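J.: Sharing a structure here in structure tokens format.
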Amino acid sequence: MKNGYQSDKIESKHYQRWEKENYFVPTGDGSGYCIVIPPPNITGTLHMGHAFQITIMDALTRYHRMGAYKTLWQPGTDHAGISTEMVVERL
């Protein structure tokens, strides 16, 4: 990588495919059930708690999907992450 990782060039191709294939659209015919995945905190390193949290969200989403809920497990951001990112970028 000549100039480091260029997320806009690499991820935009995949993101377009994800949108085209409706990866962000809930599946199923029943009532809605959605979990938004918060990002890891910038203040620390990943630990077993992060893996445990994701495991629980995965199990809950799959459980509701098997129960015919219209499910969506959506990665996301939080308000604190955006402001923290801006501070880090200024450094």
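In the structure tokens, the first chain shown is A, the next is B, and so on; residue numbers restart at 1 for each chain, and ligands run from 1 in the order shown.
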Taking the chain letters and numbering used in this document, name the residues of chain A that DSSP puts in alpha helix (DSSP H), as a ChimeraX atom specification.

T.: /A:7-20,48-66,79-90

J.: Those residues with C-alpha atoms, as a CSV table (one decimal), in the first residue's frame please?

T.:
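Result file is result-v5.csv:
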```csv
chain,number,residue,atom,x,y,z
A,7,SER,CA,-11.1,2.8,2.6
A,8,ASP,CA,-13.1,4.8,0.1
A,9,LYS,CA,-11.5,3.0,-2.9
A,10,ILE,CA,-11.7,-0.5,-1.4
A,11,GLU,CA,-14.9,-0.5,0.7
A,12,SER,CA,-17.1,1.5,-1.8
A,13,LYS,CA,-17.1,-1.4,-4.2
A,14,HIS,CA,-18.2,-3.9,-1.5
A,15,TYR,CA,-20.7,-1.5,0.0
A,16,GLN,CA,-22.4,-1.0,-3.4
A,17,ARG,CA,-22.7,-4.8,-3.8
A,18,TRP,CA,-24.1,-5.1,-0.2
A,19,GLU,CA,-26.8,-2.5,-1.0
A,20,LYS,CA,-27.6,-4.1,-4.3
A,48,MET,CA,-13.5,-11.1,25.5
A,49,GLY,CA,-16.4,-8.8,26.5
A,50,HIS,CA,-16.6,-7.6,22.9
A,51,ALA,CA,-16.7,-11.2,21.6
A,52,PHE,CA,-19.3,-12.1,24.2
A,53,GLN,CA,-21.5,-9.1,23.3
A,54,ILE,CA,-21.5,-10.0,19.6
A,55,THR,CA,-22.2,-13.6,20.4
A,56,ILE,CA,-25.3,-12.6,22.3
A,57,MET,CA,-26.5,-10.3,19.5
A,58,ASP,CA,-25.9,-13.0,16.9
A,59,ALA,CA,-27.9,-15.6,19.0
A,60,LEU,CA,-30.8,-13.2,19.6
A,61,THR,CA,-31.0,-12.3,15.9
A,62,ARG,CA,-30.9,-15.9,14.8
A,63,TYR,CA,-33.5,-16.9,17.5
A,64,HIS,CA,-35.9,-14.2,16.3
A,65,ARG,CA,-35.3,-15.1,12.7
A,66,MET,CA,-36.2,-18.8,13.4
A,79,HIS,CA,-22.5,9.6,18.8
A,80,ALA,CA,-19.4,9.3,21.0
A,81,GLY,CA,-17.5,7.5,18.3
A,82,ILE,CA,-17.9,10.3,15.8
A,83,SER,CA,-16.7,13.0,18.1
A,84,THR,CA,-13.8,10.9,19.3
A,85,GLU,CA,-12.8,10.2,15.7
A,86,MET,CA,-12.7,13.9,15.0
A,87,VAL,CA,-10.4,14.5,18.0
A,88,VAL,CA,-8.1,11.7,16.9
A,89,GLU,CA,-8.0,13.0,13.3
A,90,ARG,CA,-6.8,16.4,14.6
```

J.: Which polymer residues have any atom within 6 Å of an atom of segment 24-28 of chain A, counting only C-alpha atoms, with same-chain residues fewer than 3 positions away left out, as a list of chain:residue names?

T.: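 My reading of the contact set: A:Ala68, A:Tyr69, A:Lys70, A:Thr71, A:Leu72.
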
J.: Could you find all residues in chain A that DSSP calls strand (DSSP E) from the backbone, and write them as a ChimeraX atom specification?

T.: /A:32-37,70-75

J.: May I have the selected residues written with C-alpha atoms, as a CSV table (one decimal), in the first residue's frame?

T.:
```csv
chain,number,residue,atom,x,y,z
A,32,GLY,CA,-39.7,-6.4,13.2
A,33,TYR,CA,-36.7,-7.2,15.3
A,34,CYS,CA,-33.4,-5.2,14.9
A,35,ILE,CA,-30.1,-5.0,16.7
A,36,VAL,CA,-27.7,-2.2,15.9
A,37,ILE,CA,-24.1,-3.2,16.6
A,70,LYS,CA,-38.4,-9.8,10.2
A,71,THR,CA,-34.8,-9.5,11.5
A,72,LEU,CA,-31.9,-7.1,10.8
A,73,TRP,CA,-28.5,-7.2,12.5
A,74,GLN,CA,-27.0,-3.8,11.5
A,75,PRO,CA,-23.5,-2.6,12.2
```
